[in-house]
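Participant: Below is the file query_34.pdb, with PDB, C-alpha atoms.
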ATOM      1  CA  MET A  10       0.000   0.000   0.000
ATOM      2  CA  ILE A  11       2.822   2.435   0.824
ATOM      3  CA  SER A  12       4.301   2.065  -2.672
ATOM      4  CA  ARG A  13       0.953   2.893  -4.256
ATOM      5  CA  LEU A  14       0.764   5.998  -2.102
ATOM      6  CA  ASP A  15       4.358   6.944  -2.979
ATOM      7  CA  TYR A  16       3.620   6.800  -6.732
ATOM      8  CA  TYR A  17       0.296   8.611  -6.315
ATOM      9  CA  CYS A  18       2.115  11.463  -4.535
ATOM     10  CA  LEU A  19       4.719  11.576  -7.304
ATOM     11  CA  LYS A  20       1.983  12.015  -9.930
ATOM     12  CA  GLU A  21       0.383  14.814  -7.916
ATOM     13  CA  VAL A  22       3.744  16.585  -7.459
ATOM     14  CA  CYS A  23       4.388  16.307 -11.208
ATOM     15  CA  PHE A  24       0.968  17.841 -11.985
ATOM     16  CA  PHE A  25       1.753  20.631  -9.510
ATOM     17  CA  LEU A  26       5.149  21.417 -11.049
ATOM     18  CA  GLU A  27       3.712  21.249 -14.568
ATOM     19  CA  GLY A  28       0.947  23.671 -13.575
ATOM     20  CA  LEU A  29       3.518  26.110 -12.223
ATOM     21  CA  LEU A  30       5.565  25.806 -15.407
ATOM     22  CA  LYS A  31       2.497  26.716 -17.491
ATOM     23  CA  GLU A  32       2.205  29.862 -15.359
ATOM     24  CA  GLY A  33       5.847  30.747 -16.056
ATOM     25  CA  VAL A  34       7.249  29.503 -12.747
ATOM     26  CA  ASP A  35      10.299  27.403 -13.565
ATOM     27  CA  THR A  36      12.410  27.745 -10.425
ATOM     28  CA  PHE A  37      10.165  26.388  -7.661
ATOM     29  CA  PHE A  38      11.264  22.945  -6.469
ATOM     30  CA  VAL A  39       9.252  20.300  -4.656
ATOM     31  CA  SER A  40      10.353  17.275  -2.660
ATOM     32  CA  CYS A  41       8.516  13.982  -2.861
ATOM     33  CA  ASN A  42       9.097  11.345  -0.178
ATOM     34  CA  PHE A  43       9.561   7.644  -0.896
ATOM     35  CA  SER A  44       9.907   4.821   1.580
ATOM     36  CA  ARG A  45      13.170   2.915   1.349
ATOM     37  CA  ASP A  46      11.211  -0.202   0.408
ATOM     38  CA  THR A  47       9.708   1.581  -2.600
ATOM     39  CA  PHE A  48      13.072   3.136  -3.470
ATOM     40  CA  ALA A  49      14.730  -0.291  -3.328
ATOM     41  CA  ALA A  50      12.409  -1.891  -5.877
ATOM     42  CA  ALA A  51      14.120  -3.143  -9.032
ATOM     43  CA  ASP A  52      11.490  -1.388 -11.187
ATOM     44  CA  PHE A  53      11.507   1.883  -9.207
ATOM     45  CA  VAL A  54      13.381   3.949 -11.796
ATOM     46  CA  GLN A  55      11.215   2.619 -14.607
ATOM     47  CA  LYS A  56       8.010   3.529 -12.743
ATOM     48  CA  VAL A  57       9.291   7.002 -11.871
ATOM     49  CA  GLN A  58      10.280   7.639 -15.479
ATOM     50  CA  GLU A  59       6.946   6.349 -16.796
ATOM     51  CA  ILE A  60       5.178   8.878 -14.592
ATOM     52  CA  MET A  61       7.546  11.767 -15.303
ATOM     53  CA  ASN A  62       7.745  11.232 -19.062
ATOM     54  CA  GLY A  63       4.247  12.699 -19.343
ATOM     55  CA  PHE A  64       5.475  16.074 -18.045
ATOM     56  CA  THR A  65       7.835  18.774 -19.323
ATOM     57  CA  PHE A  66       8.925  20.636 -16.161
ATOM     58  CA  PRO A  67      12.716  20.799 -15.601
ATOM     59  CA  ARG A  68      13.734  17.554 -13.874
ATOM     60  CA  GLU A  69      15.965  19.298 -11.348
ATOM     61  CA  LEU A  70      12.843  20.875  -9.794
ATOM     62  CA  LEU A  71      11.871  17.475  -8.391
ATOM     63  CA  ILE A  72      13.743  16.109  -5.405
ATOM     64  CA  LEU A  73      13.060  12.528  -4.402
ATOM     65  CA  GLU A  74      13.587  12.080  -0.684
ATOM     66  CA  ILE A  75      14.449   8.732   0.829
ATOM     67  CA  THR A  76      12.690   8.418   4.165
ATOM     68  CA  GLU A  77      14.286   6.794   7.161
ATOM     69  CA  SER A  78      13.687   3.154   7.934
ATOM     70  CA  VAL A  79      14.636   0.627  10.584
ATOM     71  CA  SER A  80      15.779  -1.833   7.970
ATOM     72  CA  VAL A  81      17.993  -1.058   5.038
ATOM     73  CA  ARG A  82      17.192  -3.829   2.652
ATOM     74  CA  ASN A  83      18.905  -3.919  -0.692
ATOM     75  CA  ALA A  84      21.197  -0.922  -0.272
ATOM     76  CA  ALA A  85      22.931  -1.862  -3.543
ATOM     77  CA  GLN A  86      19.654  -1.509  -5.465
ATOM     78  CA  ILE A  87      18.930   1.830  -3.783
ATOM     79  CA  ARG A  88      22.373   3.060  -4.831
ATOM     80  CA  GLN A  89      21.837   1.848  -8.404
ATOM     81  CA  ASN A  90      18.435   3.564  -8.504
ATOM     82  CA  ILE A  91      19.896   6.837  -7.229
ATOM     83  CA  ILE A  92      22.565   6.794  -9.940
ATOM     84  CA  ALA A  93      19.971   6.119 -12.662
ATOM     85  CA  LEU A  94      17.658   8.860 -11.394
ATOM     86  CA  LYS A  95      20.473  11.375 -11.263
ATOM     87  CA  LYS A  96      21.318  10.558 -14.899
ATOM     88  CA  TYR A  97      17.654  11.230 -15.665
ATOM     89  CA  GLY A  98      18.064  14.681 -14.079
ATOM     90  CA  VAL A  99      16.256  14.165 -10.778
ATOM     91  CA  ARG A 100      17.888  15.108  -7.497
ATOM     92  CA  VAL A 101      17.874  12.749  -4.501
ATOM     93  CA  ALA A 102      18.083  13.632  -0.805
ATOM     94  CA  LEU A 103      17.931  11.903   2.562
ATOM     95  CA  ASP A 104      14.971  12.918   4.704
ATOM     96  CA  ASP A 105      15.073  13.356   8.503
ATOM     97  CA  PHE A 106      18.854  13.296   8.598
ATOM     98  CA  GLY A 107      20.500  13.275  12.007
ATOM     99  CA  GLU A 108      17.762  11.640  14.041
ATOM    100  CA  GLY A 109      16.247   8.196  14.056
ATOM    101  CA  PHE A 110      17.681   5.682  11.619
ATOM    102  CA  THR A 111      19.252   7.950   8.988
ATOM    103  CA  SER A 112      22.987   8.214   9.613
ATOM    104  CA  PHE A 113      26.377   9.261   8.310
ATOM    105  CA  TYR A 114      26.687   5.715   7.019
ATOM    106  CA  ASP A 115      23.986   6.605   4.465
ATOM    107  CA  LEU A 116      26.229   9.404   3.181
ATOM    108  CA  GLN A 117      28.884   6.819   2.369
ATOM    109  CA  LYS A 118      26.478   4.366   0.726
ATOM    110  CA  TYR A 119      24.415   6.651  -1.441
ATOM    111  CA  PRO A 120      25.492   9.299  -3.991
ATOM    112  CA  ILE A 121      22.854  11.801  -2.878
ATOM    113  CA  ASP A 122      22.493  15.496  -3.673
ATOM    114  CA  GLY A 123      21.303  16.707  -0.307
ATOM    115  CA  ILE A 124      20.193  16.111   3.231
ATOM    116  CA  LYS A 125      17.128  17.382   5.076
ATOM    117  CA  LEU A 126      18.036  17.994   8.703
ATOM    118  CA  ASP A 127      15.471  16.649  11.121
ATOM    119  CA  LYS A 128      13.368  19.089  13.131
ATOM    120  CA  GLY A 129      14.787  17.588  16.330
ATOM    121  CA  LEU A 130      18.176  19.049  15.400
ATOM    122  CA  VAL A 131      16.716  22.381  14.354
ATOM    123  CA  ASP A 132      15.013  22.709  17.737
ATOM    124  CA  HIS A 133      18.548  22.840  19.203
ATOM    125  CA  VAL A 134      19.936  25.134  16.526
ATOM    126  CA  THR A 135      22.679  26.630  18.678
ATOM    127  CA  THR A 136      24.460  23.335  19.321
ATOM    128  CA  PRO A 137      27.816  22.801  17.579
ATOM    129  CA  ILE A 138      26.619  19.478  16.125
ATOM    130  CA  LEU A 139      24.193  21.196  13.745
ATOM    131  CA  LYS A 140      26.926  23.473  12.403
ATOM    132  CA  ALA A 141      29.206  20.453  11.981
ATOM    133  CA  MET A 142      26.524  18.530  10.076
ATOM    134  CA  ILE A 143      26.037  21.450   7.690
ATOM    135  CA  GLN A 144      29.795  21.671   7.164
ATOM    136  CA  VAL A 145      29.973  17.934   6.424
ATOM    137  CA  GLY A 146      27.140  18.276   3.919
ATOM    138  CA  HIS A 147      28.920  21.134   2.176
ATOM    139  CA  GLU A 148      32.236  19.251   2.135
ATOM    140  CA  LEU A 149      30.401  16.460   0.306
ATOM    141  CA  ASN A 150      28.903  18.977  -2.177
ATOM    142  CA  MET A 151      25.377  18.478  -0.859
ATOM    143  CA  THR A 152      22.569  20.937  -0.416
ATOM    144  CA  VAL A 153      21.531  21.134   3.231
ATOM    145  CA  LEU A 154      17.907  21.869   4.084
ATOM    146  CA  ALA A 155      16.597  22.469   7.600
ATOM    147  CA  GLU A 156      12.992  21.477   8.279
ATOM    148  CA  GLY A 157      10.697  22.442  11.100
ATOM    149  CA  VAL A 158      11.870  26.047  11.418
ATOM    150  CA  GLU A 159       9.388  27.990  13.540
ATOM    151  CA  THR A 160      11.125  31.122  14.874
ATOM    152  CA  ASP A 161      13.120  34.102  13.632
ATOM    153  CA  GLU A 162      15.915  33.041  16.007
ATOM    154  CA  GLN A 163      16.173  29.670  14.229
ATOM    155  CA  VAL A 164      16.223  31.392  10.824
ATOM    156  CA  ARG A 165      19.044  33.737  11.882
ATOM    157  CA  ALA A 166      21.066  30.938  13.471
ATOM    158  CA  LEU A 167      20.697  28.710  10.392
ATOM    159  CA  GLN A 168      21.690  31.565   8.092
ATOM    160  CA  GLU A 169      24.755  32.238  10.242
ATOM    161  CA  ILE A 170      25.915  28.632   9.900
ATOM    162  CA  HIS A 171      25.219  28.698   6.134
ATOM    163  CA  CYS A 172      22.279  26.338   5.846
ATOM    164  CA  ASP A 173      21.249  26.353   2.169
ATOM    165  CA  VAL A 174      17.461  26.022   2.429
ATOM    166  CA  ILE A 175      15.174  26.695   5.374
ATOM    167  CA  GLN A 176      11.560  25.546   5.616
ATOM    168  CA  GLY A 177       8.894  25.363   8.266
ATOM    169  CA  PHE A 178       5.911  27.033   9.906
ATOM    170  CA  ARG A 179       7.917  30.267  10.211
ATOM    171  CA  PHE A 180       7.254  30.721   6.482
ATOM    172  CA  SER A 181       3.990  28.894   5.902
ATOM    173  CA  HIS A 182       1.663  26.309   7.348
ATOM    174  CA  PRO A 183       0.519  23.392   5.176
ATOM    175  CA  MET A 184      -2.094  24.430   2.638
ATOM    176  CA  PRO A 185      -4.120  22.862  -0.142
ATOM    177  CA  GLN A 186      -2.463  22.526  -3.544
ATOM    178  CA  TRP A 187      -4.672  25.151  -5.192
ATOM    179  CA  GLU A 188      -3.827  27.702  -2.498
ATOM    180  CA  ALA A 189      -0.099  26.991  -2.710
ATOM    181  CA  ASN A 190      -0.256  27.308  -6.488
ATOM    182  CA  ALA A 191      -1.994  30.693  -6.284
ATOM    183  CA  GLN A 192       0.440  31.985  -3.643
ATOM    184  CA  ILE A 193       3.516  30.927  -5.616
ATOM    185  CA  ILE A 194       2.206  32.544  -8.796
ATOM    186  CA  GLN A 195       1.261  35.723  -6.899
ATOM    187  CA  ASN A 196       4.721  35.901  -5.271
ATOM    188  CA  ARG A 197       6.329  35.548  -8.695
ATOM    189  CA  ARG A 198       4.365  38.521 -10.014
ATOM    190  CA  THR A 199       5.234  40.815  -7.106
TER     191      THR A 199
END
Any chance you could give the structure as structure tokens?

Facilitator:
Amino acid sequence: MISRLDYYCLKEVCFFLEGLLKEGVDTFFVSCNFSRDTFAAADFVQKVQEIMNGFTFPRELLILEITESVSVRNAAQIRQNIIALKKYGVRVALDDFGEGFTSFYDLQKYPIDGIKLDKGLVDHVTTPILKAMIQVGHELNMTVLAEGVETDEQVRALQEIHCDVIQGFRFSHPMPQWEANAQIIQNRRT
């Protein structure tokens, strides 16, 4: 069931990005989460490409995020899938990095483009470990995104330690697709 949901979300994200492109917005990126089990499937790349081939938005605007998992089955297949997707033009990131089951070991196994720092780390933004994690990400030529940002203090602290992308309730609460679409288009015009 989770794989069906993963692919359904991918289709919806593709429709969203395509709609923005038709409105002249060609720089807004969206992340789409996939379970490691889905990502490890031998036909994963084929299914992703079958979905994406029906759309024309720039491939680099889609980031596929690998969610954390207790088990890491078929790491070799995940690595192979990441390489194939990157050749296709899609970026790949690790979600919830630094807490739970996602670890520095994943950085060695997978040729990813970025990491999304877990909210648990962002809540303690002034600790040296967060700065060190951002530095490690940059040393490995990765984009570092901080999730769960809720305060101006967190924004300032993350900017000071050179976090690349910052997201969270400080900027917006979750909203329906149609509302997000309208807001993005409006922001582009102003």

Participant: Residues within 10 Å of Gly28 of chain A, please, as a list of chain:residue names. Count all atoms listed in the file; anything in the same chain fewer than 6 positions from it doesn't count.

Facilitator: A:Val22, A:Val34, A:Phe64, A:Phe66, A:Asn190

Participant: Restricting the calculation to only C-alpha atoms, which member of A:Val99, A:Ala155, A:Leu167, A:Ala50 is positioned closest to Gln86 of chain A?

Facilitator: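 Using only C-alpha atoms, Gln86 of chain A sits closest to A:Ala50.
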
Participant: Give me, as a count of residues only, all polymer residues having an atom no more than 12 Å from Leu30 of chain A, counting all atoms listed in the file and skipping those fewer than 3 positions away in the same chain.

Facilitator: 21

Participant: Apply the PyMOL selection byres ((chain A and resi 42) around 12) to the file shown and report the selected residues as a ChimeraX atom specification.

Facilitator: /A:11-12,14-19,22,39-41,43-48,71-77,101-105,125

Participant: Please, what distance in Å, to one decimal, runs between atom CA of Ala85 of chain A and atom CA of Ala141 of chain A?

Facilitator: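 Computing the Euclidean distance for atom CA of Ala85 of chain A and atom CA of Ala141 of chain A yields 27.9 Å.
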
Participant: Find the spatial neighbours of Thr160 of chain A, counting only C-alpha atoms, within a cut-off of 8 Å - ignore same-chain residues fewer than 3 positions away - and output them as a tab-separated table (two decimals) with C-alpha atoms, keeping the file's coordinate frame.

Facilitator:
chain	number	residue	atom	x	y	z
A	163	GLN	CA	16.17	29.67	14.23
A	164	VAL	CA	16.22	31.39	10.82
A	179	ARG	CA	7.92	30.27	10.21

Participant: Which value, in Å to one decimal, gives the distance between atom CA of Arg165 of chain A and atom CA of Glu108 of chain A?

Facilitator: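 Atom-to-atom, atom CA of Arg165 of chain A to atom CA of Glu108 of chain A, that is 22.2 Å.
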
Participant: Please rebuild segment 82-94 of chain A with N, CA, C and O atoms and give the result as a CSV table (one decimal), in the coordinates of the input.

Facilitator:
chain,number,residue,atom,x,y,z
A,82,ARG,N,17.1,-2.7,3.6
A,82,ARG,CA,17.2,-3.8,2.7
A,82,ARG,C,17.6,-3.4,1.3
A,82,ARG,O,17.2,-2.3,0.8
A,83,ASN,N,18.5,-4.1,0.7
A,83,ASN,CA,18.9,-3.9,-0.7
A,83,ASN,C,19.5,-2.5,-0.9
A,83,ASN,O,19.1,-1.8,-1.8
A,84,ALA,N,20.5,-2.2,-0.1
A,84,ALA,CA,21.2,-0.9,-0.3
A,84,ALA,C,21.8,-0.8,-1.6
A,84,ALA,O,21.9,0.3,-2.2
A,85,ALA,N,22.3,-1.9,-2.2
A,85,ALA,CA,22.9,-1.9,-3.5
A,85,ALA,C,21.9,-1.4,-4.6
A,85,ALA,O,22.2,-0.6,-5.5
A,86,GLN,N,20.7,-1.9,-4.5
A,86,GLN,CA,19.7,-1.5,-5.5
A,86,GLN,C,19.3,0.0,-5.3
A,86,GLN,O,19.1,0.7,-6.3
A,87,ILE,N,19.2,0.4,-4.0
A,87,ILE,CA,18.9,1.8,-3.8
A,87,ILE,C,20.0,2.7,-4.4
A,87,ILE,O,19.7,3.7,-5.1
A,88,ARG,N,21.3,2.3,-4.2
A,88,ARG,CA,22.4,3.1,-4.8
A,88,ARG,C,22.3,3.1,-6.4
A,88,ARG,O,22.4,4.1,-7.0
A,89,GLN,N,22.0,1.9,-6.9
A,89,GLN,CA,21.8,1.8,-8.4
A,89,GLN,C,20.7,2.7,-8.9
A,89,GLN,O,20.8,3.4,-9.9
A,90,ASN,N,19.6,2.7,-8.1
A,90,ASN,CA,18.4,3.6,-8.5
A,90,ASN,C,18.8,5.0,-8.4
A,90,ASN,O,18.3,5.8,-9.3
A,91,ILE,N,19.5,5.4,-7.4
A,91,ILE,CA,19.9,6.8,-7.2
A,91,ILE,C,20.7,7.3,-8.4
A,91,ILE,O,20.5,8.3,-9.0
A,92,ILE,N,21.7,6.5,-8.8
A,92,ILE,CA,22.6,6.8,-9.9
A,92,ILE,C,21.7,7.0,-11.2
A,92,ILE,O,21.9,7.9,-12.0
A,93,ALA,N,20.8,6.0,-11.5
A,93,ALA,CA,20.0,6.1,-12.7
A,93,ALA,C,19.1,7.4,-12.6
A,93,ALA,O,18.9,8.0,-13.7
A,94,LEU,N,18.5,7.7,-11.5
A,94,LEU,CA,17.7,8.9,-11.4
A,94,LEU,C,18.4,10.1,-11.6
A,94,LEU,O,18.0,11.1,-12.2
